[in-house]
Amino acid sequence: MILKALIVDDEYPARQELRFMLGRFNNIEIVGEATTASEALTLIKALDYQVLFLDINLPGMNGLELGAVIQELPRPPFVIFITAYDEHALEAFDVNAVDYILKPVDEKRLKRAIDRVIKAQQEREACAPVPAQSAVGAANQPAAGEIKINRIPAEKQGKTILVDINDVFYAFTESDYVYIKTFSDKLFTRFTLKELEARLGGGMFFRTHRCYIVNLDKVKEIVPFFNGTYNLVLEDKERSEVPVSRAQAKRLRKILGF
């Protein structure tokens, strides 16, 4: 996997030094450079960058503010902050930064950050809707005025099973397919996760992550994880653990009141 990268720093020597270091990585393609956040935002909207190497101290809008703005985009690039200031680390992770590296940049530290981005990008691609599934799922969505039942069609061993919504512990994507997990079964469904979310109709179901929808009534434990994220332990046979992304953790805390 080769990541399209944008370097954002108002100091030319800093950009050149980082470009030189990144040139040693065969999985990074530096597609652009910017000296201000507004210039970077224009480039980000014009091209699908996967990773943004972002300084914090920029003229006008700073790097943290840019990081917050791009989170509203449909597919924001992953952000690695490269800065001389250590006091903004907590704020950086509030805008979903993958890493926070202090200048002068250590190459091993940089490699770990890039490896994190590659893993996150692979997860993002694995969770992307599959066009063929989307077409089938859309065909199963009830049109206005049609009867809507509280069951989800799923498949097991060549049979179509109608799963009661109350029996769904969680739904998830795996290897470009979408599955429903009940107490003891894992069933294939032809809906995309987005279509399934609409079909489940909210209520007790919560989108914890790009790849997961969870029935909160089936959650047994909430376990703190890395950088403000959580894992939910469910009451199914395997005591499955489902991740909660940083972006959804705040909403979950508000819903559950903790």
# chains A, B, ... in the order shown; residues from 1 in each chain; ligands from 1
call {"tool": "residues_around", "arguments": {"residues": "range 73-78 of chain A", "least_positions_apart": "4", "cutoff": "10 Å", "atoms": "only C-alpha atoms", "output": "list in words"}}
result
Leu3, Lys4, Ala5, Leu6, Ile44, Lys45, Asp48, Tyr49, Gln50, Val51, Leu52, Phe53, Gly67, Ala68, Val69, Asn96, Ala97, Val98, Asp99, Ile114, Arg116, Val117, Ile118, Ala120, Gln121 and Arg124 of chain A
call {"tool": "residues_around", "arguments": {"residues": "Phe258 in chain A", "least_positions_apart": "6", "cutoff": "12 Å", "atoms": "only C-alpha atoms", "output": "CSV table (one decimal) with all heavy atoms, in the first residue's frame"}}
result
chain,number,residue,atom,x,y,z
A,222,ILE,N,-17.8,-2.3,29.8
A,222,ILE,CA,-17.1,-1.3,29.0
A,222,ILE,C,-15.7,-1.2,29.5
A,222,ILE,O,-15.5,-0.8,30.7
A,222,ILE,CB,-17.8,0.1,29.2
A,222,ILE,CG1,-19.3,0.0,28.8
A,222,ILE,CG2,-17.1,1.2,28.4
A,222,ILE,CD1,-20.1,1.2,29.1
A,249,ALA,N,-16.8,7.7,21.1
A,249,ALA,CA,-16.7,7.4,22.6
A,249,ALA,C,-17.5,8.5,23.4
A,249,ALA,O,-18.2,8.2,24.3
A,249,ALA,CB,-15.3,7.4,23.0
A,250,LYS,N,-17.4,9.8,22.9
A,250,LYS,CA,-18.1,10.8,23.7
A,250,LYS,C,-19.6,10.7,23.6
A,250,LYS,O,-20.3,10.8,24.6
A,250,LYS,CB,-17.7,12.2,23.1
A,250,LYS,CG,-18.2,13.4,23.9
A,250,LYS,CD,-17.8,14.7,23.3
A,250,LYS,CE,-16.3,14.9,23.4
A,250,LYS,NZ,-15.9,16.3,22.9
A,251,ARG,N,-20.1,10.3,22.4
A,251,ARG,CA,-21.6,10.1,22.3
A,251,ARG,C,-22.0,8.9,23.2
A,251,ARG,O,-23.1,8.9,23.8
A,251,ARG,CB,-21.9,9.8,20.8
A,251,ARG,CG,-21.8,11.0,19.9
A,251,ARG,CD,-22.4,10.6,18.5
A,251,ARG,NE,-23.8,10.2,18.6
A,251,ARG,CZ,-24.3,9.3,17.8
A,251,ARG,NH1,-23.6,8.8,16.8
A,251,ARG,NH2,-25.6,9.0,17.9
A,252,LEU,N,-21.2,7.8,23.2
A,252,LEU,CA,-21.5,6.7,24.0
A,252,LEU,C,-21.6,7.0,25.5
A,252,LEU,O,-22.5,6.6,26.2
A,252,LEU,CB,-20.5,5.6,23.8
A,252,LEU,CG,-20.8,4.3,24.5
A,252,LEU,CD1,-22.1,3.6,24.1
A,252,LEU,CD2,-19.6,3.3,24.4
call {"tool": "residues_around", "arguments": {"residues": "Tyr170 in chain A", "least_positions_apart": "6", "cutoff": "10 Å", "atoms": "only C-alpha atoms", "output": "ChimeraX atom specification"}}
result
/A:179-183,186,205-207,212-216,218-219,234,236,240,242
call {"tool": "residues_around", "arguments": {"residues": "Gln248 in chain A", "least_positions_apart": "6", "cutoff": "9 Å", "atoms": "only C-alpha atoms", "output": "list in words"}}
result
Arg207, Thr208, His209 and Thr229 of chain A
call {"tool": "write_last_selection", "arguments": {"atoms": "all heavy atoms", "output": "PDB file, in the first residue's frame"}}
result
ATOM      1  N   ARG A 207     -23.898   2.895  16.437  1.00  0.00           N
ATOM      2  CA  ARG A 207     -22.743   2.717  15.540  1.00  0.00           C
ATOM      3  C   ARG A 207     -21.482   3.085  16.318  1.00  0.00           C
ATOM      4  O   ARG A 207     -21.154   4.246  16.488  1.00  0.00           O
ATOM      5  CB  ARG A 207     -22.920   3.614  14.310  1.00  0.00           C
ATOM      6  CG  ARG A 207     -21.836   3.440  13.231  1.00  0.00           C
ATOM      7  CD  ARG A 207     -22.032   2.142  12.485  1.00  0.00           C
ATOM      8  NE  ARG A 207     -21.132   2.035  11.349  1.00  0.00           N
ATOM      9  CZ  ARG A 207     -21.472   2.305  10.087  1.00  0.00           C
ATOM     10  NH1 ARG A 207     -22.698   2.704   9.812  1.00  0.00           N
ATOM     11  NH2 ARG A 207     -20.609   2.155   9.113  1.00  0.00           N
ATOM     12  N   THR A 208     -20.782   2.090  16.820  1.00  0.00           N
ATOM     13  CA  THR A 208     -19.604   2.346  17.650  1.00  0.00           C
ATOM     14  C   THR A 208     -18.355   2.654  16.838  1.00  0.00           C
ATOM     15  O   THR A 208     -17.394   3.203  17.361  1.00  0.00           O
ATOM     16  CB  THR A 208     -19.290   1.119  18.531  1.00  0.00           C
ATOM     17  OG1 THR A 208     -18.928   0.012  17.690  1.00  0.00           O
ATOM     18  CG2 THR A 208     -20.465   0.752  19.410  1.00  0.00           C
ATOM     19  N   HIS A 209     -18.367   2.289  15.563  1.00  0.00           N
ATOM     20  CA  HIS A 209     -17.144   2.280  14.757  1.00  0.00           C
ATOM     21  C   HIS A 209     -17.563   2.188  13.299  1.00  0.00           C
ATOM     22  O   HIS A 209     -18.699   1.813  13.000  1.00  0.00           O
ATOM     23  CB  HIS A 209     -16.329   1.040  15.176  1.00  0.00           C
ATOM     24  CG  HIS A 209     -14.966   0.924  14.577  1.00  0.00           C
ATOM     25  ND1 HIS A 209     -14.758   0.425  13.312  1.00  0.00           N
ATOM     26  CD2 HIS A 209     -13.736   1.212  15.080  1.00  0.00           C
ATOM     27  CE1 HIS A 209     -13.456   0.408  13.064  1.00  0.00           C
ATOM     28  NE2 HIS A 209     -12.814   0.873  14.107  1.00  0.00           N
ATOM     29  N   THR A 229     -10.421   5.553  23.622  1.00  0.00           N
ATOM     30  CA  THR A 229     -11.345   4.607  22.998  1.00  0.00           C
ATOM     31  C   THR A 229     -11.775   3.556  24.023  1.00  0.00           C
ATOM     32  O   THR A 229     -11.254   3.507  25.138  1.00  0.00           O
ATOM     33  CB  THR A 229     -10.699   3.912  21.789  1.00  0.00           C
ATOM     34  OG1 THR A 229      -9.555   3.161  22.238  1.00  0.00           O
ATOM     35  CG2 THR A 229     -10.253   4.933  20.755  1.00  0.00           C
TER      36      THR A 229
END
call {"tool": "residues_around", "arguments": {"residues": "Ala40 in chain A", "least_positions_apart": "5", "cutoff": "9 Å", "atoms": "only C-alpha atoms", "output": "PyMOL selection string"}}
result
chain A and resi 6-8+32-35+45+66
call {"tool": "write_last_selection", "arguments": {"atoms": "N, CA and C atoms", "output": "compact mmCIF listing (two decimals), in the first residue's frame"}}
result
# COMPACT_ATOMS: atom_id res chain seq x y z
N LEU A 6 0.55 14.66 2.20
CA LEU A 6 0.65 16.12 2.11
C LEU A 6 1.43 16.60 3.31
N ILE A 7 2.46 17.42 3.07
CA ILE A 7 3.26 18.02 4.15
C ILE A 7 2.79 19.45 4.34
N VAL A 8 2.47 19.81 5.59
CA VAL A 8 2.01 21.17 5.89
C VAL A 8 2.89 21.78 6.97
N GLY A 32 2.05 16.60 -2.31
CA GLY A 32 1.96 18.05 -2.21
C GLY A 32 2.55 18.61 -0.93
N GLU A 33 2.75 19.93 -0.94
CA GLU A 33 3.20 20.66 0.23
C GLU A 33 2.34 21.92 0.37
N ALA A 34 2.17 22.37 1.61
CA ALA A 34 1.43 23.60 1.86
C ALA A 34 2.10 24.36 3.00
N THR A 35 1.97 25.69 2.96
CA THR A 35 2.59 26.52 4.00
C THR A 35 1.57 27.07 4.98
N LYS A 45 -9.30 19.07 -0.31
CA LYS A 45 -10.60 18.97 -0.96
C LYS A 45 -10.48 18.60 -2.44
N LEU A 66 -7.19 23.08 11.78
CA LEU A 66 -7.31 22.38 10.50
C LEU A 66 -7.69 20.92 10.74
call {"tool": "select_by_dssp", "arguments": {"residues": "range 3-252 of chain A", "states": "strand (DSSP E)", "output": "PyMOL selection string"}}
result
chain A and resi 3-8+28-34+51-54+78-83+99-102+151-156+159-164+170-174+177-181+186-189+205-209+212-215+219-224+230-234+241-244
call {"tool": "residues_around", "arguments": {"residues": "Asn62 in chain A", "least_positions_apart": "6", "cutoff": "9 Å", "atoms": "only C-alpha atoms", "output": "PyMOL selection string"}}
result
chain A and resi 36-37+55-56
call {"tool": "residues_around", "arguments": {"residues": "Asp86 in chain A", "least_positions_apart": "5", "cutoff": "12 Å", "atoms": "only C-alpha atoms", "output": "list of chain:residue names"}}
result
A:Asp55, A:Ile56, A:Asn57, A:Phe81, A:Glu91, A:Ala92, A:Tyr100, A:Ile101, A:Leu102, A:Lys103
call {"tool": "select_by_dssp", "arguments": {"residues": "range 41-122 of chain A", "states": "alpha helix (DSSP H)", "output": "VMD selection string"}}
result
chain A and resid 41 to 46 63 to 70 89 to 94 107 to 122
call {"tool": "closest_residue", "arguments": {"among": "A:Leu41, A:Ile152, A:Ile30, A:Leu256", "to": "Ala198 in chain A", "atoms": "only C-alpha atoms"}}
result
A:Ile152
call {"tool": "closest_residue", "arguments": {"among": "A:Phe25, A:Pro224, A:Val95, A:Gly257", "to": "Leu110 in chain A", "atoms": "only C-alpha atoms"}}
result
A:Phe25
call {"tool": "atom_distance", "arguments": {"atom1": "CA of Arg151 in chain A", "atom2": "CA of Phe191 in chain A"}}
result
13.0 Å
call {"tool": "atom_distance", "arguments": {"atom1": "CA of Leu90 in chain A", "atom2": "CA of Asp10 in chain A"}}
result
22.5 Å
